[in-house]
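Trainee: So that we are looking at the same thing, I have put the structure below in structure tokens.
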Amino acid sequence: MPETTPSPSLAELVSENGGARGVPIELISVSKRYGGSPDAAVDDLTMTIPAGEIVVFLGPSGCGKTTTMRMINRLIEPTSGRILIGGLDARAQKPDELRRHIGYVIQQAGLFPHMTVAANIAQVPQMLGWDRQRIRARVDELLELVGLDPVQYRDRYPRQLSGGQQQRVGVARALAADPPVLLMDEPFGALDPITRESLQDELLRLQEELSKTIVFVTHDVDEALKLGDRIAILDKGSRIVQYATAEEILTNPAGSYVEQFIGGESSMRLLKLTRVSDVALEQAVRARATDDAADLRRRMAEEGGDCAIVLDERQRPLRWVSAAALEGASGPVGELPGGEEDRIDTVISGRSTLQEAVEALLNAEQELVPVVGKRRHYTGVVTLATVQQAIAEIKERERRLRRERVAAGQSAVSVAAEPAPAAVVPDATGRDGGDTA
Ligand SMILES: Nc1ncnc2c1ncn2[C@@H]1O[C@H](COP(=O)(O)OP(=O)(O)OP(=O)(O)O)[C@@H](O)[C@H]1O
């Protein structure tokens, strides 16, 4: 098909959109056949990647993940089918221009070794004709955003950076022109587990701020479950076996292929993806160090609970006081003798996972662990019962969703997202063309 000057282009869409927010991507009956191969690398794939979400492609080697991803930015041309980005046909965009508005991050960052960090990041802004001052400011802003001090890092060469730092620069480079879409092809695959985890956390933090549409390819189930708003589990030819949230995949896997792929331990994995802030916390009886022991004993008898938490004047946890220690005691609670079991060694935050909460509970002297918010401000406690209840609720919610889907005549598992209704793309004359999908 001949390339025409697109109207509107993704560039225009980006500037209308303020650049920052993600746009949906639709793949409609997309296939790719490489010359000489009897099988299609991607076989009639239809899916919608919603705006502002992280969608992870998870599947075995050779199933077509990279081919699918590279068709989105036209590094690979589909043999048939259509790809719409923000409602615009990718084929109607000039490939170079399209790629300036689609960030691309690959394994081992792919930085140019002879260019400084700043020059690597500045590539697309330079192509877009930004002036030097704007580029310099943007480079520094991006380095800050990915957690690298601009003064220290902007003039270094890639070989003077660790793998994790190179990958951060790779992400900064991909974000340079504030694209609505980021494609990430096993970006953390070559990193050690600790660096990998911290970059995953960084990506989630960035995404909270930026709301890009991110397509992320990985082989790693835990990475997929942690990062994906939705996960597409793919089989040969990029056939979607299941396209669903991590919770749904874990509680309602679409058959033995998915089960095998995600392995056992689905409840343990649910613990990893649920945050303490997502569950209903319990409350211990609260006390101040200056409270009278006899009063506290009365309150505990009224409110229930064997244990009270003593907080300082800024609501930060100080220690536990047991009902037994209050028996016959008088005077300020803060002056009661305390044993090992009364010390609060561990607190967790709302951002901790339930897995971390269980770990803390297993190591704690008490059967409950305090949860703190900003400035160590006490917000509640977690017990093993809290965790059990949270997992039961997730499973029940997923069972309910499954029943609703079945009642609505849909498949019991989410296989493919329906493509959005046919996009209306204005034609070159500016009239609305009835561009049917
Ligand atoms: N340029 C090419 N020419 C011919 N066949 C290719 C080409 N690139 C990929 N293929 C084939 O297409 C299929 C899909 O490859 P692709 O790289 O998309 O898979 P993948 O799921 O990303 O694999 P991996 O996880 O190993 O990177 C494979 O069978 C591969 O051999």
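By convention here, the chains of the structure tokens are called A, B, ... in the order presented, each chain's residues are numbered starting at 1, and ligands are numbered starting at 1 in the order presented.
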Would you please extract all strand (DSSP E) residues from segment 155-301 of chain A, as assigned by DSSP on the backbone, and give them as a count of residues only?
Mentor: 27
Trainee: Sorted by chain and rising residue number, which residues of chain A lie within 10 Å of ligand 1, and what are their closest atom pairs and distances in Å to one decimal, counting only C-alpha atoms and all ligand atoms, as a tab-separated table?
Mentor:
```
residue	atom	partner	partner_atom_place_in_ligand_line	distance
A:Lys32	CA	ligand 1	12 (O)	8.5
A:Arg33	CA	ligand 1	5 (N)	7.9
A:Tyr34	CA	ligand 1	4 (C)	4.8
A:Gly35	CA	ligand 1	4 (C)	6.5
A:Gly36	CA	ligand 1	4 (C)	7.3
A:Ser37	CA	ligand 1	5 (N)	6.6
A:Pro38	CA	ligand 1	5 (N)	10.0
A:Asp39	CA	ligand 1	29 (O)	8.0
A:Ala40	CA	ligand 1	12 (O)	7.4
A:Ala41	CA	ligand 1	12 (O)	4.3
A:Val42	CA	ligand 1	14 (C)	7.2
A:Phe57	CA	ligand 1	21 (O)	8.7
A:Leu58	CA	ligand 1	21 (O)	8.3
A:Gly59	CA	ligand 1	21 (O)	6.3
A:Pro60	CA	ligand 1	25 (O)	5.9
A:Ser61	CA	ligand 1	26 (O)	3.5
A:Gly62	CA	ligand 1	19 (O)	3.4
A:Cys63	CA	ligand 1	21 (O)	3.9
A:Gly64	CA	ligand 1	18 (O)	3.2
A:Lys65	CA	ligand 1	21 (O)	3.9
A:Thr66	CA	ligand 1	22 (O)	3.6
A:Thr67	CA	ligand 1	18 (O)	3.6
A:Thr68	CA	ligand 1	18 (O)	6.4
A:Met69	CA	ligand 1	18 (O)	8.0
A:Arg70	CA	ligand 1	18 (O)	8.4
A:Met71	CA	ligand 1	18 (O)	9.9
A:Ile76	CA	ligand 1	1 (N)	8.7
A:Asp185	CA	ligand 1	22 (O)	8.3
A:Glu186	CA	ligand 1	27 (O)	8.3
A:Val217	CA	ligand 1	22 (O)	7.7
A:Thr218	CA	ligand 1	25 (O)	7.3
A:His219	CA	ligand 1	25 (O)	6.6
A:Leu234	CA	ligand 1	21 (O)	8.4
A:Asp235	CA	ligand 1	21 (O)	8.7
A:Lys236	CA	ligand 1	14 (C)	7.9
A:Gly237	CA	ligand 1	14 (C)	7.1
A:Ser238	CA	ligand 1	21 (O)	7.7
```
Trainee: Got time to write the residues from that selection, N, CA and C atoms, as a short mmCIF file (atom, residue, chain, number, x, y, z; two decimals), in the first residue's frame?
Mentor:
```cif
data_model
loop_
_atom_site.label_atom_id
_atom_site.label_comp_id
_atom_site.auth_asym_id
_atom_site.auth_seq_id
_atom_site.Cartn_x
_atom_site.Cartn_y
_atom_site.Cartn_z
N LYS A 32 1.55 -12.20 10.56
CA LYS A 32 2.88 -12.00 9.97
C LYS A 32 3.43 -13.34 9.53
N ARG A 33 3.76 -13.43 8.28
CA ARG A 33 4.43 -14.61 7.75
C ARG A 33 5.80 -14.19 7.27
N TYR A 34 6.83 -14.79 7.82
CA TYR A 34 8.18 -14.51 7.32
C TYR A 34 8.39 -15.39 6.08
N GLY A 35 9.12 -14.84 5.11
CA GLY A 35 9.40 -15.59 3.89
C GLY A 35 10.09 -16.90 4.24
N GLY A 36 9.71 -17.95 3.58
CA GLY A 36 10.37 -19.23 3.76
C GLY A 36 9.85 -20.03 4.93
N SER A 37 8.96 -19.46 5.74
CA SER A 37 8.46 -20.21 6.88
C SER A 37 7.03 -20.68 6.60
N PRO A 38 6.75 -21.97 6.81
CA PRO A 38 5.40 -22.46 6.52
C PRO A 38 4.37 -21.94 7.53
N ASP A 39 4.83 -21.64 8.77
CA ASP A 39 3.87 -21.20 9.80
C ASP A 39 3.91 -19.68 9.95
N ALA A 40 2.75 -19.14 10.29
CA ALA A 40 2.71 -17.70 10.56
C ALA A 40 3.35 -17.44 11.93
N ALA A 41 4.23 -16.43 12.01
CA ALA A 41 4.82 -16.06 13.31
C ALA A 41 3.74 -15.43 14.18
N VAL A 42 2.84 -14.69 13.53
CA VAL A 42 1.66 -14.14 14.21
C VAL A 42 0.47 -14.49 13.33
N PHE A 57 2.88 -9.20 27.33
CA PHE A 57 2.83 -10.41 26.49
C PHE A 57 3.71 -11.45 27.17
N LEU A 58 3.08 -12.56 27.55
CA LEU A 58 3.81 -13.62 28.23
C LEU A 58 3.64 -14.90 27.41
N GLY A 59 4.74 -15.50 27.04
CA GLY A 59 4.62 -16.73 26.26
C GLY A 59 5.99 -17.33 26.02
N PRO A 60 6.02 -18.59 25.56
CA PRO A 60 7.30 -19.26 25.38
C PRO A 60 8.10 -18.66 24.23
N SER A 61 9.36 -18.99 24.22
CA SER A 61 10.25 -18.50 23.17
C SER A 61 9.70 -18.88 21.79
N GLY A 62 9.73 -17.92 20.90
CA GLY A 62 9.33 -18.20 19.52
C GLY A 62 7.83 -18.12 19.27
N CYS A 63 7.03 -17.72 20.30
CA CYS A 63 5.58 -17.72 20.07
C CYS A 63 5.12 -16.47 19.32
N GLY A 64 6.01 -15.50 19.13
CA GLY A 64 5.64 -14.34 18.31
C GLY A 64 5.49 -13.04 19.07
N LYS A 65 5.97 -12.99 20.31
CA LYS A 65 5.80 -11.78 21.14
C LYS A 65 6.52 -10.58 20.50
N THR A 66 7.80 -10.78 20.18
CA THR A 66 8.58 -9.66 19.64
C THR A 66 8.04 -9.23 18.29
N THR A 67 7.68 -10.21 17.48
CA THR A 67 7.12 -9.86 16.16
C THR A 67 5.87 -9.01 16.34
N THR A 68 5.01 -9.41 17.27
CA THR A 68 3.77 -8.64 17.50
C THR A 68 4.10 -7.22 17.93
N MET A 69 5.01 -7.13 18.89
CA MET A 69 5.37 -5.81 19.41
C MET A 69 5.97 -4.92 18.32
N ARG A 70 6.86 -5.50 17.52
CA ARG A 70 7.54 -4.69 16.50
C ARG A 70 6.63 -4.29 15.34
N MET A 71 5.50 -4.96 15.22
CA MET A 71 4.57 -4.52 14.19
C MET A 71 3.87 -3.22 14.62
N ILE A 76 8.56 -4.10 12.00
CA ILE A 76 8.17 -5.24 11.17
C ILE A 76 6.80 -4.90 10.58
N ASP A 185 10.66 -4.55 25.31
CA ASP A 185 10.90 -5.94 24.93
C ASP A 185 11.93 -6.57 25.88
N GLU A 186 11.46 -7.31 26.84
CA GLU A 186 12.31 -7.93 27.86
C GLU A 186 13.36 -6.95 28.40
N VAL A 217 7.04 -7.12 26.99
CA VAL A 217 7.26 -8.53 26.67
C VAL A 217 8.15 -9.16 27.73
N THR A 218 7.75 -10.32 28.21
CA THR A 218 8.63 -11.04 29.15
C THR A 218 8.36 -12.54 29.09
N HIS A 219 9.36 -13.31 29.57
CA HIS A 219 9.17 -14.75 29.77
C HIS A 219 8.84 -15.02 31.23
N LEU A 234 0.29 -16.03 25.60
CA LEU A 234 0.29 -16.36 24.17
C LEU A 234 0.86 -17.74 23.93
N ASP A 235 0.32 -18.37 22.90
CA ASP A 235 0.85 -19.64 22.42
C ASP A 235 1.38 -19.37 21.01
N LYS A 236 1.87 -20.39 20.38
CA LYS A 236 2.48 -20.27 19.05
C LYS A 236 1.61 -19.41 18.11
N GLY A 237 2.25 -18.57 17.33
CA GLY A 237 1.51 -17.71 16.40
C GLY A 237 0.83 -16.56 17.12
N SER A 238 1.29 -16.25 18.34
CA SER A 238 0.68 -15.20 19.17
C SER A 238 -0.81 -15.46 19.39
#
```
Trainee: Calculated over only C-alpha atoms, which of the candidates A:Thr79, A:Gln133, A:Asn73, A:Ser267 has the smallest distance to Val105 of chain A?
Mentor: A:Asn73
Trainee: Taking the backbone alone, and naming residues the way the document does, which bits of segment 151-265 of chain A are helix (DSSP H, G or I) by DSSP, as an MDAnalysis selection string?
Mentor: chainID A and resid 151:153 158:160 163:175 193:210 221:227 236:238 246:251 256:262
Trainee: In Å, rounded to a single decimal, give me how far atom CA of Gln389 of chain A is from atom CA of Ala323 of chain A.
Mentor: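 Computing the Euclidean distance for atom CA of Ala323 of chain A and atom CA of Gln389 of chain A yields 25.6 Å.
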Trainee: Nearest to Glu365 of chain A: which of A:Asp345, A:Thr379, A:Arg351, A:Leu88 is it, counting only C-alpha atoms?
Mentor: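 With only C-alpha atoms as the atom set, the closest residue is A:Asp345.
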Trainee: Let me make sure I understand: among A:Ala119, A:Leu27, A:Val310, A:Ile394, which one has the smallest atom-to-atom distance to Asp43 of chain A if we use only C-alpha atoms?
Mentor: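 Among the listed residues, the smallest separation from Asp43 of chain A belongs to A:Leu27.
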Trainee: Applying 10 Å and only C-alpha atoms, which residues near Leu326 of chain A remain after dropping the ones on its own chain fewer than 2 positions away? List them as a PDB file with N, CA and C atoms, in the first residue's frame.
Mentor:
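The resulting result18.pdb:
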```pdb
ATOM      1  N   ASP A 292      -3.427   6.123  81.719  1.00  0.00           N
ATOM      2  CA  ASP A 292      -3.384   5.353  82.961  1.00  0.00           C
ATOM      3  C   ASP A 292      -3.632   3.862  82.667  1.00  0.00           C
ATOM      4  N   ALA A 293      -2.835   3.008  83.269  1.00  0.00           N
ATOM      5  CA  ALA A 293      -2.911   1.567  83.007  1.00  0.00           C
ATOM      6  C   ALA A 293      -4.293   0.999  83.330  1.00  0.00           C
ATOM      7  N   ALA A 294      -4.890   1.460  84.450  1.00  0.00           N
ATOM      8  CA  ALA A 294      -6.204   0.932  84.835  1.00  0.00           C
ATOM      9  C   ALA A 294      -7.266   1.333  83.815  1.00  0.00           C
ATOM     10  N   ASP A 295      -7.169   2.603  83.330  1.00  0.00           N
ATOM     11  CA  ASP A 295      -8.129   3.062  82.297  1.00  0.00           C
ATOM     12  C   ASP A 295      -7.982   2.229  81.033  1.00  0.00           C
ATOM     13  N   LEU A 296      -6.736   1.999  80.664  1.00  0.00           N
ATOM     14  CA  LEU A 296      -6.488   1.237  79.438  1.00  0.00           C
ATOM     15  C   LEU A 296      -7.058  -0.181  79.577  1.00  0.00           C
ATOM     16  N   ARG A 297      -6.870  -0.775  80.780  1.00  0.00           N
ATOM     17  CA  ARG A 297      -7.384  -2.134  80.989  1.00  0.00           C
ATOM     18  C   ARG A 297      -8.906  -2.154  80.792  1.00  0.00           C
ATOM     19  N   ARG A 298      -9.574  -1.115  81.328  1.00  0.00           N
ATOM     20  CA  ARG A 298     -11.035  -1.027  81.169  1.00  0.00           C
ATOM     21  C   ARG A 298     -11.411  -0.905  79.687  1.00  0.00           C
ATOM     22  N   MET A 300      -9.708  -1.836  77.102  1.00  0.00           N
ATOM     23  CA  MET A 300      -9.451  -3.082  76.377  1.00  0.00           C
ATOM     24  C   MET A 300     -10.554  -4.091  76.649  1.00  0.00           C
ATOM     25  N   CYS A 307      -4.288  -7.041  73.235  1.00  0.00           N
ATOM     26  CA  CYS A 307      -3.078  -6.261  73.067  1.00  0.00           C
ATOM     27  C   CYS A 307      -3.440  -4.831  72.661  1.00  0.00           C
ATOM     28  N   VAL A 321       1.264  -3.349  74.609  1.00  0.00           N
ATOM     29  CA  VAL A 321       0.985  -3.642  76.015  1.00  0.00           C
ATOM     30  C   VAL A 321      -0.076  -4.732  76.027  1.00  0.00           C
ATOM     31  N   SER A 322       0.219  -5.822  76.723  1.00  0.00           N
ATOM     32  CA  SER A 322      -0.750  -6.926  76.740  1.00  0.00           C
ATOM     33  C   SER A 322      -1.725  -6.720  77.894  1.00  0.00           C
ATOM     34  N   ALA A 323      -2.913  -7.339  77.763  1.00  0.00           N
ATOM     35  CA  ALA A 323      -3.913  -7.268  78.823  1.00  0.00           C
ATOM     36  C   ALA A 323      -3.321  -7.851  80.110  1.00  0.00           C
ATOM     37  N   ALA A 324      -2.509  -8.911  79.954  1.00  0.00           N
ATOM     38  CA  ALA A 324      -1.920  -9.561  81.137  1.00  0.00           C
ATOM     39  C   ALA A 324      -1.012  -8.590  81.884  1.00  0.00           C
ATOM     40  N   GLY A 328      -3.711  -5.541  87.463  1.00  0.00           N
ATOM     41  CA  GLY A 328      -3.268  -4.991  88.744  1.00  0.00           C
ATOM     42  C   GLY A 328      -2.291  -3.833  88.627  1.00  0.00           C
ATOM     43  N   ALA A 329      -1.997  -3.374  87.384  1.00  0.00           N
ATOM     44  CA  ALA A 329      -1.027  -2.285  87.214  1.00  0.00           C
ATOM     45  C   ALA A 329      -1.706  -0.935  87.390  1.00  0.00           C
ATOM     46  N   SER A 330      -0.913   0.054  87.773  1.00  0.00           N
ATOM     47  CA  SER A 330      -1.441   1.422  87.830  1.00  0.00           C
ATOM     48  C   SER A 330      -0.341   2.366  87.369  1.00  0.00           C
ATOM     49  N   VAL A 333       1.043   4.130  81.313  1.00  0.00           N
ATOM     50  CA  VAL A 333       1.326   2.933  80.511  1.00  0.00           C
ATOM     51  C   VAL A 333       2.796   2.900  80.070  1.00  0.00           C
ATOM     52  N   LEU A 336       5.274   1.069  82.349  1.00  0.00           N
ATOM     53  CA  LEU A 336       5.162  -0.360  82.665  1.00  0.00           C
ATOM     54  C   LEU A 336       6.412  -1.082  82.179  1.00  0.00           C
TER      55      LEU A 336
END
```
